[in-house]
file structure-v5.cif (mmCIF, C-alpha atoms and all ligand atoms)
data_final
loop_
_atom_site.label_atom_id
_atom_site.label_comp_id
_atom_site.auth_asym_id
_atom_site.auth_seq_id
_atom_site.Cartn_x
_atom_site.Cartn_y
_atom_site.Cartn_z
CA MET A 2 -82.48 -115.71 53.82
CA LYS A 3 -84.36 -113.56 51.31
CA LYS A 4 -87.84 -114.93 50.65
CA ARG A 5 -89.33 -114.80 47.16
CA LYS A 6 -92.29 -112.41 47.27
CA ASN A 7 -95.86 -113.18 46.21
CA ILE A 8 -95.48 -116.91 46.03
CA ILE A 9 -98.07 -119.54 46.90
CA THR A 10 -96.97 -121.63 49.88
CA VAL A 11 -98.72 -124.81 50.95
CA ALA A 12 -97.83 -126.64 54.16
CA ILE A 13 -99.12 -130.14 54.84
CA ASP A 14 -98.63 -132.23 57.95
CA SER A 15 -99.82 -135.80 58.26
CA PRO A 16 -99.10 -139.14 59.87
CA ALA A 17 -97.46 -141.76 57.64
CA ALA A 18 -99.39 -143.13 54.66
CA ALA A 19 -102.39 -140.83 55.03
CA GLY A 20 -102.24 -139.72 51.40
CA ALA A 21 -100.45 -136.39 51.90
CA GLY A 22 -97.78 -137.14 49.28
CA THR A 23 -100.40 -137.93 46.64
CA GLN A 24 -102.30 -134.74 47.40
CA ALA A 25 -99.11 -132.65 47.50
CA LYS A 26 -98.19 -133.92 44.03
CA LEU A 27 -101.67 -133.07 42.69
CA ILE A 28 -101.46 -129.60 44.25
CA SER A 29 -97.99 -129.01 42.79
CA LYS A 30 -99.16 -129.99 39.31
CA ASN A 31 -102.36 -128.00 39.39
CA TYR A 32 -100.82 -124.76 40.69
CA ASN A 33 -97.32 -125.25 39.24
CA LEU A 34 -95.61 -125.38 42.64
CA PHE A 35 -92.27 -126.89 43.57
CA TYR A 36 -92.90 -130.05 45.61
CA LEU A 37 -90.63 -131.19 48.42
CA ASP A 38 -91.40 -134.50 50.12
CA THR A 39 -89.57 -133.81 53.39
CA GLY A 40 -90.01 -137.39 54.64
CA LYS A 41 -87.62 -138.48 51.88
CA ILE A 42 -84.86 -136.38 53.43
CA TYR A 43 -85.28 -138.11 56.79
CA ARG A 44 -85.46 -141.43 54.96
CA TYR A 45 -82.17 -140.59 53.24
CA ILE A 46 -80.58 -139.88 56.62
CA GLY A 47 -82.17 -143.05 58.03
CA MET A 48 -80.56 -145.00 55.23
CA LEU A 49 -77.18 -143.36 55.88
CA LYS A 50 -77.51 -144.51 59.48
CA LEU A 51 -78.27 -148.10 58.43
CA GLN A 52 -75.33 -148.12 56.02
CA ASN A 53 -72.77 -146.39 58.24
CA GLN A 54 -73.53 -147.56 61.78
CA LYS A 55 -70.00 -146.72 62.96
CA LYS A 56 -69.18 -143.70 60.79
CA PHE A 57 -72.57 -142.01 61.25
CA SER A 58 -72.06 -138.47 62.56
CA TYR A 59 -73.58 -134.98 62.30
CA ASN A 60 -70.73 -133.98 59.98
CA LEU A 61 -71.51 -136.86 57.67
CA VAL A 62 -75.21 -135.93 57.65
CA LYS A 63 -74.45 -132.27 56.99
CA TYR A 64 -72.04 -133.07 54.19
CA LYS A 65 -74.46 -135.50 52.54
CA ILE A 66 -77.43 -133.13 52.83
CA ASP A 67 -75.41 -130.17 51.49
CA ASN A 68 -74.45 -132.25 48.47
CA ILE A 69 -77.65 -134.16 47.85
CA LYS A 70 -79.14 -134.31 44.37
CA LEU A 71 -82.92 -133.92 44.60
CA SER A 72 -83.35 -136.63 41.97
CA TYR A 73 -81.83 -139.09 44.45
CA LEU A 74 -84.87 -138.64 46.69
CA LYS A 75 -86.88 -140.54 44.06
CA ASN A 76 -84.71 -143.63 44.65
CA LYS A 77 -86.89 -146.68 45.38
CA SER A 78 -84.50 -147.91 48.07
CA LEU A 79 -85.81 -145.11 50.31
CA LEU A 80 -89.27 -146.68 50.31
CA SER A 81 -88.52 -149.74 52.45
CA ASN A 82 -90.04 -150.30 55.88
CA ASP A 83 -86.60 -150.59 57.54
CA VAL A 84 -85.56 -147.23 56.13
CA ALA A 85 -88.86 -145.65 57.30
CA LEU A 86 -88.29 -146.88 60.86
CA SER A 87 -84.69 -145.73 60.83
CA ALA A 88 -85.87 -142.32 59.55
CA ALA A 89 -88.33 -141.98 62.44
CA LYS A 90 -85.49 -142.71 64.88
CA VAL A 91 -82.98 -140.22 63.46
CA ALA A 92 -85.79 -137.63 63.16
CA LYS A 93 -85.93 -137.39 66.97
CA ASP A 94 -82.52 -135.74 67.04
CA LYS A 95 -82.55 -131.96 67.44
CA LYS A 96 -79.31 -131.39 65.51
CA ILE A 97 -80.42 -133.54 62.62
CA ARG A 98 -83.73 -131.69 62.46
CA HIS A 99 -81.80 -128.43 62.39
CA ILE A 100 -79.66 -129.56 59.43
CA VAL A 101 -82.77 -130.66 57.54
CA HIS A 102 -84.59 -127.45 58.45
CA LYS A 103 -81.86 -125.27 56.93
CA PHE A 104 -81.87 -127.31 53.76
CA GLN A 105 -85.66 -127.14 53.42
CA GLN A 106 -86.01 -123.42 54.00
CA LYS A 107 -84.52 -122.44 50.67
CA TYR A 108 -86.91 -124.69 48.76
CA ALA A 109 -89.87 -123.52 50.81
CA TYR A 110 -89.23 -119.80 50.40
CA ARG A 111 -87.04 -119.60 47.29
CA PRO A 112 -88.35 -122.28 44.95
CA PRO A 113 -86.88 -122.24 41.43
CA LYS A 114 -88.21 -119.29 39.38
CA LYS A 115 -90.24 -121.40 37.00
CA TYR A 116 -92.60 -122.32 39.86
CA ASN A 117 -95.37 -120.15 41.34
CA GLY A 118 -94.44 -121.28 44.83
CA SER A 119 -93.89 -124.37 46.92
CA VAL A 120 -95.71 -127.23 48.59
CA LEU A 121 -94.06 -129.19 51.39
CA ASP A 122 -95.40 -132.21 53.22
CA GLY A 123 -94.11 -133.89 56.38
CA ARG A 124 -94.62 -133.83 60.14
CA ASP A 125 -93.46 -130.35 61.18
CA ILE A 126 -94.25 -128.28 58.12
CA VAL A 127 -97.06 -126.14 59.54
CA THR A 128 -95.54 -126.04 63.02
CA VAL A 129 -91.89 -125.31 62.12
CA GLN A 130 -90.96 -125.16 58.44
CA LEU A 131 -93.62 -122.96 56.84
CA ARG A 132 -95.35 -121.31 59.76
CA ASP A 133 -96.61 -118.44 57.59
CA ALA A 134 -97.86 -120.66 54.77
CA MET A 135 -100.75 -119.35 52.71
CA PHE A 136 -102.45 -122.75 53.03
CA LYS A 137 -102.15 -125.14 55.95
CA PHE A 138 -103.56 -128.66 55.87
CA PHE A 139 -103.55 -131.60 58.25
CA ILE A 140 -104.25 -134.77 56.29
CA THR A 141 -105.10 -137.93 58.16
CA ALA A 142 -106.89 -141.30 57.91
CA SER A 143 -107.59 -144.22 60.23
CA ILE A 144 -104.54 -146.35 61.01
CA LYS A 145 -106.09 -149.44 59.42
CA VAL A 146 -106.80 -147.65 56.15
CA ARG A 147 -103.29 -146.20 56.16
CA ALA A 148 -101.75 -149.61 56.80
CA ARG A 149 -103.85 -151.18 54.03
CA ARG A 150 -102.77 -148.51 51.54
CA ARG A 151 -99.10 -148.83 52.48
CA TYR A 152 -99.33 -152.65 52.32
CA ILE A 153 -100.70 -152.42 48.75
CA GLU A 154 -97.90 -150.00 47.84
CA TYR A 155 -95.28 -152.44 49.15
CA LYS A 156 -96.88 -155.24 47.15
CA GLY A 157 -96.66 -153.10 44.02
CA LEU A 158 -92.96 -152.58 44.74
CA ASN A 159 -92.47 -156.34 45.20
CA LYS A 160 -91.51 -155.83 48.85
CA LYS A 161 -92.37 -158.88 50.90
CA ILE A 162 -93.99 -157.74 54.11
CA ALA A 163 -97.13 -158.87 55.97
CA TYR A 164 -100.06 -156.49 56.56
CA LYS A 165 -99.63 -156.96 60.31
CA GLU A 166 -96.00 -155.89 60.09
CA VAL A 167 -96.99 -152.72 58.20
CA LEU A 168 -99.62 -151.92 60.81
CA LYS A 169 -97.13 -152.45 63.63
CA SER A 170 -94.54 -150.27 61.94
CA LEU A 171 -97.05 -147.43 61.44
CA ARG A 172 -98.02 -147.64 65.13
CA ILE A 173 -94.38 -147.34 66.16
CA ARG A 174 -93.80 -144.40 63.83
CA ASP A 175 -97.00 -142.61 64.89
CA LYS A 176 -95.86 -142.84 68.49
CA LEU A 177 -92.31 -141.68 67.74
CA ASP A 178 -93.55 -138.82 65.55
CA LYS A 179 -96.19 -137.57 68.00
CA GLU A 180 -94.27 -137.94 71.22
CA ARG A 181 -90.84 -136.62 70.29
CA LYS A 182 -89.62 -133.41 71.85
CA TYR A 183 -88.51 -131.59 68.70
CA GLY A 184 -90.86 -131.06 65.78
CA PRO A 185 -93.61 -133.46 66.93
CA LEU A 186 -96.57 -134.15 64.68
CA LYS A 187 -99.61 -132.20 65.79
CA LYS A 188 -102.49 -130.37 64.21
CA THR A 189 -102.48 -126.63 64.70
CA LYS A 190 -105.74 -124.76 65.20
CA ASP A 191 -105.32 -122.84 61.99
CA SER A 192 -104.78 -125.86 59.71
CA ILE A 193 -107.62 -127.42 57.77
CA LEU A 194 -108.37 -131.04 58.61
CA ILE A 195 -108.77 -133.41 55.67
CA ASN A 196 -109.70 -136.95 56.65
CA THR A 197 -109.05 -139.28 53.72
CA THR A 198 -110.36 -142.49 55.36
CA LYS A 199 -113.42 -142.61 53.16
CA LEU A 200 -112.27 -140.34 50.36
CA SER A 201 -110.81 -141.32 47.00
CA LYS A 202 -107.70 -139.45 45.82
CA LYS A 203 -109.87 -137.53 43.39
CA ALA A 204 -112.52 -136.58 45.96
CA CYS A 205 -109.85 -135.48 48.38
CA PHE A 206 -108.15 -133.27 45.82
CA LYS A 207 -111.50 -131.76 44.82
CA LYS A 208 -111.97 -130.67 48.42
CA ILE A 209 -108.48 -129.17 48.65
CA LYS A 210 -108.76 -127.45 45.29
CA ALA A 211 -112.08 -125.84 46.26
CA ILE A 212 -110.46 -124.40 49.40
CA MET A 213 -107.42 -123.12 47.51
CA ASP A 214 -109.31 -121.71 44.53
CA LYS A 215 -111.65 -119.80 46.80
CA LYS A 216 -108.76 -117.94 48.41
CA LEU A 217 -106.68 -117.54 45.27
CA TYR A 218 -109.30 -116.47 42.76
CA ASN A 219 -112.15 -114.84 44.72
O1 LIG A 301 -93.34 -139.18 55.32
P1 LIG A 301 -92.44 -140.37 55.51
O2 LIG A 301 -93.17 -141.58 55.95
O3 LIG A 301 -91.61 -140.62 54.29
O4 LIG A 301 -91.42 -139.94 56.68
C1 LIG A 301 -90.49 -140.82 57.23
C2 LIG A 301 -90.18 -140.40 58.65
O5 LIG A 301 -89.45 -139.17 58.62
C3 LIG A 301 -91.39 -140.10 59.53
O6 LIG A 301 -91.89 -141.23 60.21
C4 LIG A 301 -90.88 -139.05 60.50
O7 LIG A 301 -90.31 -139.63 61.64
C5 LIG A 301 -89.79 -138.34 59.73
N1 LIG A 301 -90.21 -137.01 59.29
C6 LIG A 301 -90.11 -135.97 60.16
N2 LIG A 301 -90.43 -134.70 59.77
C7 LIG A 301 -90.85 -134.46 58.54
C8 LIG A 301 -91.00 -135.53 57.62
C9 LIG A 301 -90.69 -136.81 58.04
O8 LIG A 301 -89.72 -136.16 61.31
N3 LIG A 301 -91.12 -133.21 58.18
#

call {"tool": "encode", "arguments": {"input": "structure-v5.cif", "output": "structure tokens", "more": "lines below"}}
Ligand code: C5P
result
Amino acid sequence: MKKRKNIITVAIDSPAAAGAGTQAKLISKNYNLFYLDTGKIYRYIGMLKLQNQKKFSYNLVKYKIDNIKLSYLKNKSLLSNDVALSAAKVAKDKKIRHIVHKFQQKYAYRPPKKYNGSVLDGRDIVTVQLRDAMFKFFITASIKVRARRRYIEYKGLNKKIAYKEVLKSLRIRDKLDKERKYGPLKKTKDSILINTTKLSKKACFKKIKAIMDKKLYN
């Protein structure tokens, strides 16, 4: 695949609900970058699995991913806890990761012309998807703060779930995401650690922006 030259590429890895999506959106707006929330693709496949227990196959996944409309990834049904857990289970599969990888590469390296580059967030972005990214971040927060934030999000979406259930689900996903064989979540030495436990969204972005501006404009 031909890569677009001289583009800004930002790779972000993070455990669930650490604030990476919020920061990725702020980065994309500020630097006019195409944003791809890669977790949504696994969530979409997780939902396919829940809906097609018997018919679920690699061919089905490939067909659906090849024909996906990016606007569908904004669908609120992808935000449920059941879908998130199903996503973490299908994400263990090497062949599924390969299908997703191929799909993501074109957005990572050939974002639409109107953008100055791309920003991707997920679990294997620095380690697999955008290994040569211009900026590499690892965004994290304590599990309790992450669970609290996700719980508040669910409340805002009118999803009935107890805080304890959210915490349990994050623990399960953290374990699945860190311990899987293919594309596990880990921080590389060359990525910059941003701990959002005690940072507001604004303070966190200020930190990221300072790092990016220094390299881009100095
Ligand atoms: O980020 P989000 O919580 O939406 O991701 C849902 C699940 O998709 C994660 O728990 C993880 O198992 C999987 N995922 C992944 N690789 C990515 C992004 C998400 O395995 N790059």

call {"tool": "atom_distance", "arguments": {"input": "structure-v5.cif", "atom1": "atom CA of Asn159 of chain A", "atom2": "atom CA of Gly40 of chain A"}}
result
21.3 Å

call {"tool": "closest_atom_pairs", "arguments": {"input": "structure-v5.cif", "of": "chain A", "to": "ligand LIG 301 (chain A)", "cutoff": "7 Å", "atoms": "all atoms listed in the file", "output": "Markdown table"}}
result
| residue | atom | partner | partner_atom | distance |
| --- | --- | --- | --- | --- |
| A:Ala17 | CA | A:LIG301 | O2 | 4.6 |
| A:Ala18 | CA | A:LIG301 | O2 | 6.5 |
| A:Thr39 | CA | A:LIG301 | C8 | 4.8 |
| A:Gly40 | CA | A:LIG301 | C9 | 3.5 |
| A:Lys41 | CA | A:LIG301 | O3 | 5.1 |
| A:Tyr43 | CA | A:LIG301 | O5 | 4.7 |
| A:Arg44 | CA | A:LIG301 | C1 | 5.6 |
| A:Ala85 | CA | A:LIG301 | C1 | 5.1 |
| A:Leu86 | CA | A:LIG301 | O6 | 6.7 |
| A:Ala88 | CA | A:LIG301 | C2 | 4.8 |
| A:Ala89 | CA | A:LIG301 | O7 | 3.2 |
| A:Lys90 | CA | A:LIG301 | O7 | 6.6 |
| A:Ala92 | CA | A:LIG301 | O8 | 4.6 |
| A:Lys93 | CA | A:LIG301 | O8 | 6.9 |
| A:Asp122 | CA | A:LIG301 | N3 | 6.6 |
| A:Gly123 | CA | A:LIG301 | N3 | 3.6 |
| A:Arg124 | CA | A:LIG301 | N3 | 4.1 |
| A:Asp125 | CA | A:LIG301 | N3 | 4.8 |
| A:Ile126 | CA | A:LIG301 | N3 | 5.8 |
| A:Arg174 | CA | A:LIG301 | O6 | 5.2 |
| A:Leu177 | CA | A:LIG301 | O7 | 6.7 |
| A:Asp178 | CA | A:LIG301 | O7 | 5.1 |
| A:Gly184 | CA | A:LIG301 | O8 | 6.9 |

call {"tool": "atom_distance", "arguments": {"input": "structure-v5.cif", "atom1": "atom CA of Thr198 of chain A", "atom2": "atom CA of Arg149 of chain A"}}
result
10.9 Å

call {"tool": "closest_residue", "arguments": {"input": "structure-v5.cif", "among": "A:Met2, A:Ile153, A:Leu158, A:Ile8", "to": "Lys77 of chain A", "atoms": "only C-alpha atoms"}}
result
A:Leu158

call {"tool": "closest_residue", "arguments": {"input": "structure-v5.cif", "among": "A:Lys3, A:Asp191, A:Tyr45, A:Asp94", "to": "Asp133 of chain A", "atoms": "all atoms listed in the file"}}
result
A:Asp191

call {"tool": "closest_residue", "arguments": {"input": "structure-v5.cif", "among": "A:Ile13, A:Phe206, A:Val91, A:Leu80", "to": "Leu51 of chain A", "atoms": "all atoms listed in the file"}}
result
A:Val91

call {"tool": "atom_distance", "arguments": {"input": "structure-v5.cif", "atom1": "atom CA of Val120 of chain A", "atom2": "atom CA of Asp67 of chain A"}}
result
20.7 Å

call {"tool": "closest_residue", "arguments": {"input": "structure-v5.cif", "among": "A:Glu154, A:Val146, A:Thr23, A:Lys190", "to": "Lys203 of chain A", "atoms": "all atoms listed in the file"}}
result
A:Thr23

call {"tool": "residues_around", "arguments": {"input": "structure-v5.cif", "residues": "Val84 of chain A", "least_positions_apart": "5", "cutoff": "7 Å", "atoms": "all atoms listed in the file", "output": "ChimeraX atom specification"}}
result
/A:44,47-48,79

call {"tool": "closest_residue", "arguments": {"input": "structure-v5.cif", "among": "A:Leu194, A:Ala19, A:Leu186, A:Ile100", "to": "Thr128 of chain A", "atoms": "all atoms listed in the file"}}
result
A:Leu186

call {"tool": "residues_around", "arguments": {"input": "structure-v5.cif", "residues": "Gln130 of chain A", "least_positions_apart": "5", "cutoff": "9 Å", "atoms": "all atoms listed in the file", "output": "VMD selection string"}}
result
chain A and resid 12 102 105 to 106 109 121 125

call {"tool": "closest_residue", "arguments": {"input": "structure-v5.cif", "among": "A:Asn82, A:Asn68, A:Ser201, A:Asn7", "to": "Glu166 of chain A", "atoms": "all atoms listed in the file"}}
result
A:Asn82

call {"tool": "residues_around", "arguments": {"input": "structure-v5.cif", "residues": "segment 134-139 of chain A", "least_positions_apart": "6", "cutoff": "7 Å", "atoms": "all atoms listed in the file", "output": "VMD selection string"}}
result
chain A and resid 9 to 15 127 188 192 to 195

call {"tool": "residues_around", "arguments": {"input": "structure-v5.cif", "residues": "Asn60 of chain A", "least_positions_apart": "4", "cutoff": "12 Å", "atoms": "all atoms listed in the file", "output": "PyMOL selection string"}}
result
chain A and resi 46+56+64-67+96-97+100

call {"tool": "axis_aligned_box", "arguments": {"input": "structure-v5.cif", "around": "segment 57-71 of chain A", "padding_each_side": "6 Å", "output": "JSON"}}
result
{"center_x": -76.8, "center_y": -136.1, "center_z": 53.5, "size_x": 24.2, "size_y": 23.8, "size_z": 30.2}

call {"tool": "residues_near_point", "arguments": {"input": "structure-v5.cif", "point": "(-83.8, -135.6, 47.5)", "cutoff": "9 Å", "atoms": "all atoms listed in the file", "output": "PyMOL selection string"}}
result
chain A and resi 37-39+41-42+45+66+69-76
